[in-house]
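As stored in protein_33.tsv (TSV, C-alpha atoms):
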chain	number	residue	atom	x	y	z
S	29	MET	CA	9.83	45.19	27.38
S	30	THR	CA	11.44	48.07	25.54
S	31	ALA	CA	12.23	50.14	28.65
S	32	TYR	CA	15.55	48.74	29.82
S	33	HIS	CA	18.91	50.45	30.19
S	34	GLY	CA	21.15	48.84	27.57
S	35	GLY	CA	18.39	46.47	26.41
S	36	LYS	CA	18.40	44.55	23.12
S	37	GLN	CA	14.72	44.55	22.14
S	38	ARG	CA	15.29	46.28	18.80
S	39	ILE	CA	18.01	43.97	17.51
S	40	GLY	CA	17.34	40.98	19.75
S	41	LYS	CA	16.11	38.64	17.05
S	42	GLN	CA	19.06	39.41	14.77
S	43	LEU	CA	21.51	38.74	17.60
S	44	ALA	CA	19.72	35.55	18.58
S	45	LYS	CA	19.86	34.23	15.01
S	46	ALA	CA	23.57	35.03	14.76
S	47	ILE	CA	24.23	33.19	18.03
S	48	VAL	CA	22.23	30.11	17.02
S	49	ASP	CA	23.64	29.98	13.49
S	50	GLU	CA	27.23	30.28	14.68
S	51	SER	CA	26.70	27.79	17.52
S	52	THR	CA	25.10	25.10	15.39
S	53	ASP	CA	27.82	25.48	12.73
S	54	ILE	CA	30.50	24.98	15.39
S	55	ALA	CA	28.61	22.02	16.84
S	56	GLU	CA	28.43	20.36	13.43
S	57	GLU	CA	32.00	21.11	12.37
S	58	GLU	CA	33.74	20.41	15.70
S	59	GLY	CA	31.42	17.85	17.24
S	60	PHE	CA	30.49	20.12	20.13
S	61	ASP	CA	27.61	18.63	22.15
S	62	ILE	CA	25.27	21.51	23.04
S	63	LYS	CA	23.70	20.81	26.44
S	64	GLY	CA	22.14	24.19	27.17
S	65	TYR	CA	22.02	27.94	26.81
S	66	CYS	CA	22.83	30.58	29.44
S	67	GLU	CA	22.65	34.37	29.74
S	68	PRO	CA	24.39	35.68	32.88
S	69	PHE	CA	23.23	39.27	32.10
S	70	GLY	CA	19.63	38.41	31.23
S	71	GLY	CA	17.86	41.69	31.97
S	72	MET	CA	14.63	41.98	29.98
S	73	LEU	CA	15.52	39.06	27.70
S	74	GLY	CA	15.54	40.97	24.42
S	75	VAL	CA	17.77	38.29	22.87
S	76	TYR	CA	16.75	35.32	25.00
S	77	ARG	CA	13.08	35.49	24.01
S	78	HIS	CA	13.99	34.30	20.49
S	79	ILE	CA	16.60	31.66	21.38
S	80	PRO	CA	14.61	28.49	22.26
S	81	GLU	CA	12.46	28.69	19.12
S	82	LEU	CA	15.52	29.16	16.90
S	83	PHE	CA	17.30	26.20	18.49
S	84	GLU	CA	14.18	24.05	18.11
S	85	GLU	CA	14.10	24.93	14.40
S	86	GLU	CA	17.63	23.50	14.22
S	87	GLY	CA	16.52	20.27	15.91
S	88	TYR	CA	17.69	21.07	19.48
S	89	GLU	CA	14.60	20.36	21.56
S	90	ASP	CA	15.95	19.20	24.94
S	91	LEU	CA	18.37	21.94	25.93
S	92	ARG	CA	18.63	23.32	29.46
S	93	TYR	CA	17.99	27.05	29.76
S	94	LEU	CA	19.51	29.32	32.41
S	95	ALA	CA	19.24	33.09	32.92
S	96	GLY	CA	20.60	35.39	35.57
S	97	ASP	CA	20.92	39.00	36.59
S	98	THR	CA	22.36	40.89	39.54
S	99	ASN	CA	19.02	42.67	40.02
S	100	LYS	CA	17.00	40.42	42.35
S	101	SER	CA	13.77	42.27	41.57
S	102	VAL	CA	14.10	41.58	37.85
S	103	ILE	CA	14.67	37.89	38.58
S	104	LYS	CA	11.65	37.82	40.90
S	105	MET	CA	9.58	39.47	38.17
S	106	TRP	CA	10.42	36.75	35.65
S	107	GLN	CA	9.91	33.96	38.18
S	108	ALA	CA	6.52	35.36	39.17
S	109	ALA	CA	5.46	35.94	35.55
S	110	GLN	CA	6.32	32.31	34.77
S	111	LYS	CA	3.77	31.33	37.44
S	112	GLY	CA	1.05	33.59	36.04
S	113	TRP	CA	1.65	36.89	37.83
S	114	LYS	CA	0.66	39.97	35.82
S	115	PRO	CA	2.65	43.22	36.12
S	116	PRO	CA	0.67	46.42	36.79
S	117	SER	CA	-0.89	48.07	33.75
S	118	LYS	CA	-0.49	51.60	35.13
S	119	CYS	CA	1.65	53.42	37.67
S	120	THR	CA	1.25	56.84	39.28
S	121	LYS	CA	4.16	58.84	40.67
S	122	ALA	CA	2.99	58.04	44.19
S	123	GLN	CA	2.96	54.31	43.42
S	124	PHE	CA	6.39	54.56	41.83
S	125	ASN	CA	7.87	56.31	44.87
S	126	LYS	CA	6.31	53.73	47.20
S	127	VAL	CA	7.96	50.93	45.25
S	128	LYS	CA	11.24	52.83	45.16
S	129	ARG	CA	11.25	53.27	48.95
S	130	SER	CA	10.67	49.58	49.51
S	131	LYS	CA	13.82	47.86	50.78
S	132	SER	CA	12.98	44.34	49.62
S	133	PRO	CA	13.31	42.99	46.06
S	134	THR	CA	9.89	42.27	44.55
S	135	ALA	CA	8.41	41.35	41.18
S	136	GLU	CA	6.53	44.65	41.09
S	137	LYS	CA	9.75	46.58	41.67
S	138	GLY	CA	11.40	44.65	38.86
S	139	PHE	CA	8.71	45.78	36.43
S	140	VAL	CA	7.98	49.31	37.62
S	141	GLY	CA	11.66	50.03	38.14
S	142	HIS	CA	12.27	49.78	34.40
S	143	ALA	CA	8.88	50.40	32.78
S	144	CYS	CA	8.25	53.76	34.51
S	145	THR	CA	11.66	55.43	34.41
S	146	TYR	CA	13.42	57.50	31.79
S	147	ARG	CA	15.53	55.35	29.41
S	148	GLY	CA	14.71	52.31	31.55
S	149	VAL	CA	17.36	53.09	34.21
S	150	PHE	CA	16.20	51.13	37.25
S	151	LEU	CA	14.20	53.36	39.65
S	152	ASP	CA	16.20	56.37	38.49
S	153	GLY	CA	13.20	58.69	38.59
S	154	TYR	CA	9.53	58.57	37.66
S	155	PHE	CA	8.73	59.03	34.00
S	156	GLY	CA	5.02	59.29	33.23
S	157	HIS	CA	4.68	56.87	30.34
S	158	SER	CA	1.19	56.56	28.90
S	159	SER	CA	-1.03	53.77	30.19
S	160	SER	CA	-0.98	52.19	26.72
S	161	LYS	CA	2.82	51.98	26.76
S	162	ILE	CA	2.89	50.46	30.24
S	163	ARG	CA	0.20	47.97	29.19
S	164	GLY	CA	2.30	47.13	26.16
S	165	ASN	CA	5.27	46.38	28.42
S	166	GLN	CA	3.00	44.35	30.70
S	167	GLU	CA	1.77	42.24	27.80
S	168	ARG	CA	5.32	41.76	26.55
S	169	VAL	CA	6.54	40.47	29.91
S	170	ILE	CA	3.60	38.07	30.13
S	171	ALA	CA	4.24	36.78	26.60
S	172	ILE	CA	7.99	36.33	27.12
S	173	ALA	CA	7.47	34.52	30.43
S	174	ARG	CA	4.97	32.20	28.77
S	175	ASP	CA	7.36	31.39	25.93
S	176	LEU	CA	10.28	30.91	28.33
S	177	GLY	CA	8.50	28.77	30.88
S	178	ASP	CA	11.37	26.27	31.08
S	179	VAL	CA	14.07	28.83	31.84
S	180	LYS	CA	15.64	28.63	35.30
S	181	PHE	CA	16.22	32.14	36.66
S	182	SER	CA	18.67	33.02	39.43
S	183	ALA	CA	20.09	36.24	40.86
S	184	GLY	CA	23.80	36.92	41.19
S	185	THR	CA	26.98	37.83	39.34
S	186	TYR	CA	28.10	36.25	36.07
S	187	ASP	CA	30.82	34.13	37.65
S	188	ARG	CA	28.34	31.88	39.46
S	189	TYR	CA	28.04	30.07	36.14
S	190	SER	CA	31.73	29.16	36.14
S	191	HIS	CA	30.91	25.47	36.54
S	192	LEU	CA	29.08	25.17	33.21
S	193	LYS	CA	30.33	22.85	30.47
S	194	GLY	CA	28.74	22.20	27.10
S	195	TYR	CA	26.71	25.43	27.09
S	196	ILE	CA	26.18	28.31	24.73
S	197	ILE	CA	26.84	31.37	26.90
S	198	TYR	CA	25.80	34.82	25.70
S	199	CYS	CA	26.98	37.84	27.72
S	200	ASP	CA	25.72	41.41	27.44
S	201	PRO	CA	27.87	43.19	30.07
S	202	PRO	CA	28.24	46.93	30.75
S	203	TYR	CA	30.06	48.29	27.70
S	204	ALA	CA	33.50	49.85	28.01
S	205	ASP	CA	33.72	53.66	27.65
S	206	THR	CA	29.95	54.17	27.74
S	207	ASP	CA	27.45	55.37	30.36
S	208	CYS	CA	26.17	51.80	30.81
S	209	ARG	CA	25.63	50.95	34.46
S	210	TYR	CA	25.13	47.73	36.32
S	211	PHE	CA	23.08	46.74	39.35
S	212	ASP	CA	24.87	45.12	42.28
S	213	GLY	CA	21.73	44.06	44.17
S	214	GLU	CA	21.42	47.33	46.08
S	215	GLY	CA	21.89	50.11	43.56
S	216	TYR	CA	23.35	51.08	40.21
S	217	PHE	CA	27.03	51.81	39.81
S	218	ASP	CA	28.91	53.50	37.01
S	219	ARG	CA	30.31	50.96	34.57
S	220	LEU	CA	33.80	51.91	35.73
S	221	ASP	CA	33.03	49.82	38.80
S	222	PHE	CA	32.59	46.79	36.53
S	223	ASP	CA	35.92	44.94	36.17
S	224	THR	CA	36.05	44.56	32.39
S	225	LYS	CA	39.50	42.96	32.41
S	226	ALA	CA	38.39	40.26	34.87
S	227	PHE	CA	35.25	39.67	32.80
S	228	TRP	CA	37.19	39.04	29.57
S	229	HIS	CA	39.53	36.73	31.46
S	230	TRP	CA	36.49	34.78	32.69
S	231	THR	CA	35.02	34.47	29.18
S	232	LYS	CA	38.26	32.99	27.83
S	233	LYS	CA	38.37	30.49	30.67
S	234	MET	CA	34.74	29.53	30.04
S	235	ALA	CA	35.37	29.14	26.30
S	236	GLN	CA	37.57	26.14	27.03
S	237	ASN	CA	34.44	24.03	27.65
S	238	ASN	CA	31.65	26.16	26.19
S	239	ILE	CA	30.82	28.36	23.20
S	240	VAL	CA	30.90	31.93	24.49
S	241	PHE	CA	29.56	35.08	22.83
S	242	VAL	CA	29.82	38.68	24.02
S	243	SER	CA	28.02	41.83	22.87
S	244	GLU	CA	30.22	44.93	22.95
S	245	TYR	CA	31.41	47.86	20.89
S	246	ARG	CA	34.97	46.56	21.03
S	247	ALA	CA	36.93	43.59	22.35
S	248	PRO	CA	40.52	42.42	22.93
S	249	LYS	CA	42.51	42.04	19.70
S	250	ASP	CA	42.55	38.23	19.85
S	251	VAL	CA	38.74	37.96	19.92
S	252	GLU	CA	36.80	37.24	16.70
S	253	MET	CA	33.86	39.40	15.62
S	254	VAL	CA	31.09	37.30	14.02
S	255	TRP	CA	28.25	39.82	13.58
S	256	GLN	CA	27.78	43.59	13.43
S	257	SER	CA	24.92	46.08	13.19
S	258	GLY	CA	26.04	49.69	13.38
S	259	ARG	CA	28.28	50.00	16.43
S	260	GLU	CA	26.82	46.84	17.97
S	261	ARG	CA	29.11	43.84	17.59
S	262	LEU	CA	28.90	40.19	18.56
S	263	TYR	CA	32.17	38.48	19.46
S	264	LEU	CA	32.99	34.77	19.64
S	265	ILE	CA	35.54	34.00	22.32
Structure translated into structure tokens:
Amino acid sequence: MTAYHGGKQRIGKQLAKAIVDESTDIAEEEGFDIKGYCEPFGGMLGVYRHIPELFEEEGYEDLRYLAGDTNKSVIKMWQAAQKGWKPPSKCTKAQFNKVKRSKSPTAEKGFVGHACTYRGVFLDGYFGHSSSKIRGNQERVIAIARDLGDVKFSAGTYDRYSHLKGYIIYCDPPYADTDCRYFDGEGYFDRLDFDTKAFWHWTKKMAQNNIVFVSEYRAPKDVEMVWQSGRERLYLI
């Protein structure tokens, strides 16, 4: 799905290849046993959708796959799509507002909330995309869910994965000094509400037993950049 605030659909495959190439090199050189792959900020899976196939090409066929997001509706959307649910192929303003007024997280809200708003900002306001564009997003969600049928989705903050060991962890958090926003389960907040310092501290702690990557425009001075496209950078912790 292309409509997602801060999404990685355009460069997702490039990022995924950089992650897999770097990870497998480290595994070979340092004897790191890769047990699985995790994205705590999964969103619309612009990077994730390419990961399993790339790992399989490198001979990793039995990895565990985890994905999370703070937006419960987005998680419900992916879980439902894995089971065969199809997102709506069109959405009127009245339908959008009905979904927006709903208090409960639903799969439909997860899809409509991003596919029918300007710049993909969740339920920020109705944007009348053409039926063909919404159908394209519908088909993309169905295809991604089919390809990622073994991924275990869960809703919550990134630190619920603090127990992981032996994983490749890729994080795409709200970027510093940008208008990126994050969803706390109830509504969007300005990225200033996201504790960037605590996040970087967490990544360094996790890197003691995992291989951790972060997408950002900049990082602490002691963090290594391993890939760049324009302003977009991939860091290895």
Tell me which residues come within 10 Å of (9.6, 32.6, 25.2), as an MDAnalysis selection string, counting all atoms listed in the file in the file's coordinates. chainID S and resid 73 76:81 169:179
What's around Lys104 (chain S) at 10 Å? Count only C-alpha atoms, leave out sequence neighbours fewer than 6 positions away in its own chain, and write the answer as an MDAnalysis selection string. chainID S and resid 110 133:139 181:183
What gap, in Å, lies between CA of Arg38 (chain S) and CA of Glu260 (chain S)?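 For CA of Arg38 (chain S) relative to CA of Glu260 (chain S), the distance reads 11.6 Å.
Applying the 9 Å criterion to (28.2, 30.7, 35.5) in file coordinates and using all atoms listed in the file, one obtains the residues S:Cys66, S:Glu67, S:Pro68, S:Gly96, S:Thr185, S:Tyr186, S:Asp187, S:Arg188, S:Tyr189, S:Ser190, S:His191, S:Leu192, S:Ile197, S:Met234.
Residue nearest Phe155 (chain S) within the list S:Ser132, S:Thr120, S:Gln42, S:Ser243: S:Thr120 [criterion: smallest interatomic distance, all atoms listed in the file].
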Taking into account all atoms listed in the file, which residue in the set S:Lys63, S:Lys131, S:Lys126, S:Lys121 is nearest to Leu91 (chain S)?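 Using all atoms listed in the file, the shortest distance to Leu91 (chain S) belongs to S:Lys63.
Between CA of Lys118 (chain S) and CA of Arg163 (chain S) there is a distance of 7.0 Å.
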Option closest in space to Leu262 (chain S), from S:Phe83, S:Phe227, S:Tyr198, S:Tyr154 [counting all atoms listed in the file]: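 Comparing S:Phe83, S:Phe227, S:Tyr198, S:Tyr154 against Leu262 (chain S), the winner is S:Tyr198.
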Computed gap from CA of Gly194 (chain S) to CA of Ile62 (chain S) is 5.4 Å
